[in-house]
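Have a look at work_32.cif below; it lists mmCIF, C-alpha atoms.
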```
data_data
loop_
_atom_site.label_atom_id
_atom_site.label_comp_id
_atom_site.auth_asym_id
_atom_site.auth_seq_id
_atom_site.Cartn_x
_atom_site.Cartn_y
_atom_site.Cartn_z
CA MET A 119 -9.60 18.10 18.43
CA THR A 120 -7.39 15.99 16.19
CA TYR A 121 -9.44 13.04 15.03
CA PRO A 122 -12.57 14.95 13.89
CA ASP A 123 -10.44 17.39 11.84
CA ALA A 124 -11.45 16.95 8.17
CA ARG A 125 -7.82 16.91 6.97
CA VAL A 126 -6.95 14.18 9.45
CA VAL A 127 -10.01 12.12 8.53
CA THR A 128 -9.15 12.36 4.83
CA ALA A 129 -5.47 11.52 5.36
CA VAL A 130 -6.17 8.55 7.62
CA THR A 131 -8.95 7.02 5.55
CA SER A 132 -7.21 7.52 2.20
CA ARG A 133 -3.75 6.30 3.21
CA PHE A 134 -4.18 3.83 6.05
CA VAL A 135 -6.31 1.03 7.38
CA PRO A 136 -7.35 2.46 10.74
CA LEU A 137 -7.95 0.10 13.62
CA ARG A 138 -9.18 1.25 17.00
CA LEU A 139 -8.59 -0.99 19.99
CA ASP A 140 -9.67 -0.47 23.57
CA LEU A 141 -6.74 -1.23 25.84
CA PHE A 142 -9.03 -2.35 28.65
CA ARG A 143 -11.88 -4.01 26.79
CA ASP A 144 -10.46 -5.73 23.71
CA PRO A 145 -9.01 -9.22 24.08
CA ARG A 146 -5.59 -9.26 25.72
CA GLU A 147 -4.26 -11.62 23.05
CA VAL A 148 -4.90 -8.88 20.50
CA VAL A 149 -3.69 -5.89 22.51
CA ARG A 150 -0.74 -7.35 24.43
CA PRO A 151 1.47 -8.25 21.41
CA LEU A 152 1.28 -4.62 20.32
CA ASN A 153 3.08 -3.53 23.52
CA VAL A 154 0.62 -0.73 24.17
CA ILE A 155 0.48 0.55 27.74
CA TRP A 156 -0.78 4.09 27.15
CA THR A 157 -3.59 5.57 25.13
CA PRO A 158 -3.78 6.78 22.59
CA THR A 159 -0.87 5.02 20.97
CA ILE A 160 -0.66 5.44 17.22
CA LEU A 161 0.96 2.42 15.58
CA PHE A 162 2.19 2.21 12.00
CA ALA A 163 2.33 -1.40 10.91
CA ASP A 164 3.01 -3.06 7.60
CA ARG A 165 0.75 -5.49 5.78
CA ARG A 166 2.02 -8.33 7.97
CA GLY A 167 1.13 -6.49 11.15
CA THR A 168 4.71 -5.67 12.13
CA VAL A 169 4.81 -2.30 13.87
CA HIS A 170 7.62 -0.09 12.58
CA TYR A 171 6.75 3.28 14.11
CA ARG A 172 4.72 4.42 17.09
CA SER A 173 3.70 7.62 18.79
CA LEU A 174 2.15 8.25 22.17
CA ASN A 175 -0.69 10.59 23.06
CA PHE A 176 -2.50 13.30 21.17
CA LEU A 177 -1.08 15.88 18.78
CA PRO A 178 -2.78 18.89 17.24
CA PRO A 179 -3.98 18.28 13.67
CA ASP A 180 -1.03 19.91 11.85
CA LEU A 181 1.51 17.89 13.81
CA PHE A 182 -0.61 14.75 13.49
CA LEU A 183 -0.53 15.10 9.69
CA THR A 184 3.27 15.21 9.85
CA LEU A 185 3.22 12.20 12.17
CA LEU A 186 1.22 10.31 9.53
CA ASP A 187 3.94 11.12 7.01
CA LEU A 188 6.67 9.93 9.36
CA GLY A 189 4.88 6.68 10.09
CA GLU A 190 4.05 5.95 6.47
CA ALA A 191 7.58 6.72 5.30
CA TRP A 192 9.17 4.57 8.00
CA VAL A 193 7.01 1.60 7.05
CA ASP A 194 7.87 2.26 3.38
CA LEU A 195 11.58 2.06 4.15
CA HIS A 196 11.16 -1.35 5.74
CA TRP A 197 9.63 -2.53 2.46
CA SER A 198 12.32 -0.90 0.26
CA ARG A 199 9.92 1.74 -1.02
CA THR A 200 12.61 4.42 -0.75
CA ASP A 201 11.35 6.69 -3.53
CA HIS A 202 7.92 6.96 -1.94
CA ALA A 203 9.40 7.43 1.54
CA ILE A 204 11.64 10.23 0.28
CA ALA A 205 8.71 11.94 -1.44
CA VAL A 206 6.53 11.70 1.67
CA LEU A 207 9.26 13.01 3.98
CA ARG A 208 10.22 15.85 1.62
CA GLY A 209 6.55 16.80 1.40
CA ALA A 210 6.25 16.79 5.18
CA TYR A 211 9.29 19.03 5.56
CA GLU A 212 8.19 21.43 2.84
CA ARG A 213 4.71 21.68 4.35
CA ASP A 214 6.02 22.55 7.84
CA PRO A 215 9.75 23.35 7.81
CA ASP A 216 9.63 24.98 11.23
CA GLY A 217 7.31 22.49 12.92
CA ALA A 218 8.10 20.55 16.05
CA LEU A 219 8.55 17.34 14.03
CA ALA A 220 10.74 18.91 11.33
CA PRO A 221 14.01 17.75 12.95
CA GLU A 222 12.82 14.13 13.03
CA VAL A 223 11.57 14.43 9.46
CA LEU A 224 15.02 15.61 8.32
CA TYR A 225 16.81 12.91 10.28
CA ARG A 226 14.70 10.15 8.76
CA LEU A 227 14.90 11.77 5.32
CA GLY A 228 18.69 11.52 5.56
CA ILE A 229 18.36 7.80 6.25
CA ALA A 230 15.96 7.38 3.34
CA VAL A 231 18.31 9.22 0.98
CA TYR A 232 21.19 7.03 2.08
CA LEU A 233 19.17 3.84 1.60
CA LYS A 234 18.37 4.95 -1.95
CA THR A 235 21.79 6.27 -2.95
CA ARG A 236 24.20 4.48 -0.59
CA SER A 237 25.98 7.83 -0.56
CA ASP A 238 27.26 9.40 2.64
CA PRO A 239 27.60 12.83 0.96
CA GLU A 240 23.94 12.74 -0.15
CA MET A 241 22.82 11.73 3.33
CA TYR A 242 24.91 14.47 4.92
CA LYS A 243 23.42 17.09 2.60
CA VAL A 244 20.13 16.45 4.39
CA TRP A 245 21.69 16.06 7.82
CA ASP A 246 23.67 19.29 7.39
CA VAL A 247 20.35 21.10 6.99
CA LEU A 248 19.17 19.39 10.17
CA ARG A 249 22.29 20.41 12.11
CA LYS A 250 22.13 23.96 10.82
CA ARG A 251 18.40 24.57 11.36
CA PHE A 252 17.92 22.54 14.55
CA PRO A 253 21.34 22.28 16.23
CA ASP A 254 19.93 21.71 19.72
CA SER A 255 17.48 18.99 18.75
CA ILE A 256 17.84 15.39 19.85
CA TRP A 257 17.79 14.49 16.15
CA ALA A 258 20.83 16.65 15.37
CA ALA A 259 22.61 15.08 18.34
CA ARG A 260 22.17 11.66 16.66
CA VAL A 261 24.13 12.71 13.58
CA PRO A 262 27.66 11.31 13.85
#
```
Whole structure given in structure tokens:
Amino acid sequence: MTYPDARVVTAVTSRFVPLRLDLFRDPREVVRPLNVIWTPTILFADRRGTVHYRSLNFLPPDLFLTLLDLGEAWVDLHWSRTDHAIAVLRGAYERDPDGALAPEVLYRLGIAVYLKTRSDPEMYKVWDVLRKRFPDSIWAARVP
């Protein structure tokens, strides 16, 4: 089980403000603007409530921890917190370089590096790793 896992509990409660809504019982005016039609849906929103990243359904704890990193980093990038986003994404990749979410982590890390450096060569250093390690992934296919 994902949510009772001690690592997940610690990560969620120390890094996020968790909110649990019941799609069928909570007021529609609260749930509907979030565009949630399936549960669970994990939303990563900023301090204004704008959702920047979402994920559907359950993941095992190790993948869920990487998902938390992806969501946090993507929100960070929308608030120009590139250094923190890069650190979070690099940590996620180093922790699980062969995981199912590693290609997405690398793709988004390339974007974060570009946003910090405005350098195509720096971005492609990351994306070249993505294309080499995960050539058949949907994330490698997105690299121009």
**Prompt:** Which one of A:Ala258, A:Val193, A:Leu219, A:Ala203 sits closest to Asp180 in chain A if you count all atoms listed in the file?
**Reply:** A:Leu219
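Remark: for Asn175 in chain A, the closest of the candidate residues A:Asp216, A:Val148, A:His196, A:Thr120 is A:Thr120 (distances computed over all atoms listed in the file).
CA of Leu185 in chain A lies 12.1 Å from CA of Thr159 in chain A.
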Residues within 6 Å of range 171-173 of chain A, please, as a short mmCIF file (atom, residue, chain, number, x, y, z; two decimals) with C-alpha atoms, keeping the file's coordinate frame. Count all atoms listed in the file; anything in the same chain fewer than 5 positions from it doesn't count.
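selection33.cif written:
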```cif
data_model
loop_
_atom_site.label_atom_id
_atom_site.label_comp_id
_atom_site.auth_asym_id
_atom_site.auth_seq_id
_atom_site.Cartn_x
_atom_site.Cartn_y
_atom_site.Cartn_z
CA THR A 159 -0.87 5.02 20.97
CA ILE A 160 -0.66 5.44 17.22
CA LEU A 161 0.96 2.42 15.58
CA PHE A 162 2.19 2.21 12.00
CA GLY A 189 4.88 6.68 10.09
#
```
**Residues matched by the PyMOL selection byres ((chain A and resi 137-143) around 8) as an MDAnalysis selection string** = chainID A and resid 135:136 144:145 149 154:155 157
**Prompt:** With all atoms listed in the file as the basis for distance, which of A:Leu188, A:Ala218, A:Leu233, A:Val126 is at the shortest distance from Asp201 in chain A?
**Reply:** A:Leu233
**Prompt:** Quick one: of A:Leu195, A:Arg208, A:Pro179, A:Lys250, who's nearest to Pro122 in chain A, counting all atoms listed in the file?
**Reply:** A:Pro179
**Message:** Please report the interatomic distance between CA of Ile229 in chain A and CA of Pro178 in chain A in Å with one decimal.
**Reply:** 26.3 Å
**Asked** On this structure, which residues satisfy the PyMOL selection byres ((chain A and resi 220) around 10), written as a VMD selection string?
**Response** chain A and resid 181 184 207 210 to 219 221 to 226 248 251 to 252 257
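Taking CA of Trp156 in chain A and CA of Val130 in chain A as endpoints, the distance between them is 20.7 Å.
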Long-range neighbours of range 236-241 of chain A as a compact mmCIF listing (two decimals) with C-alpha atoms, in the frame of the given file, 12 Å cut-off, all atoms listed in the file, 4 positions minimum in chain:
```txt
# COMPACT_ATOMS: atom_id res chain seq x y z
CA THR A 200 12.61 4.42 -0.75
CA ILE A 204 11.64 10.23 0.28
CA LEU A 224 15.02 15.61 8.32
CA TYR A 225 16.81 12.91 10.28
CA ARG A 226 14.70 10.15 8.76
CA LEU A 227 14.90 11.77 5.32
CA GLY A 228 18.69 11.52 5.56
CA ILE A 229 18.36 7.80 6.25
CA ALA A 230 15.96 7.38 3.34
CA VAL A 231 18.31 9.22 0.98
CA TYR A 232 21.19 7.03 2.08
CA TRP A 245 21.69 16.06 7.82
CA ASP A 246 23.67 19.29 7.39
CA VAL A 247 20.35 21.10 6.99
CA LEU A 248 19.17 19.39 10.17
CA VAL A 261 24.13 12.71 13.58
CA PRO A 262 27.66 11.31 13.85
```
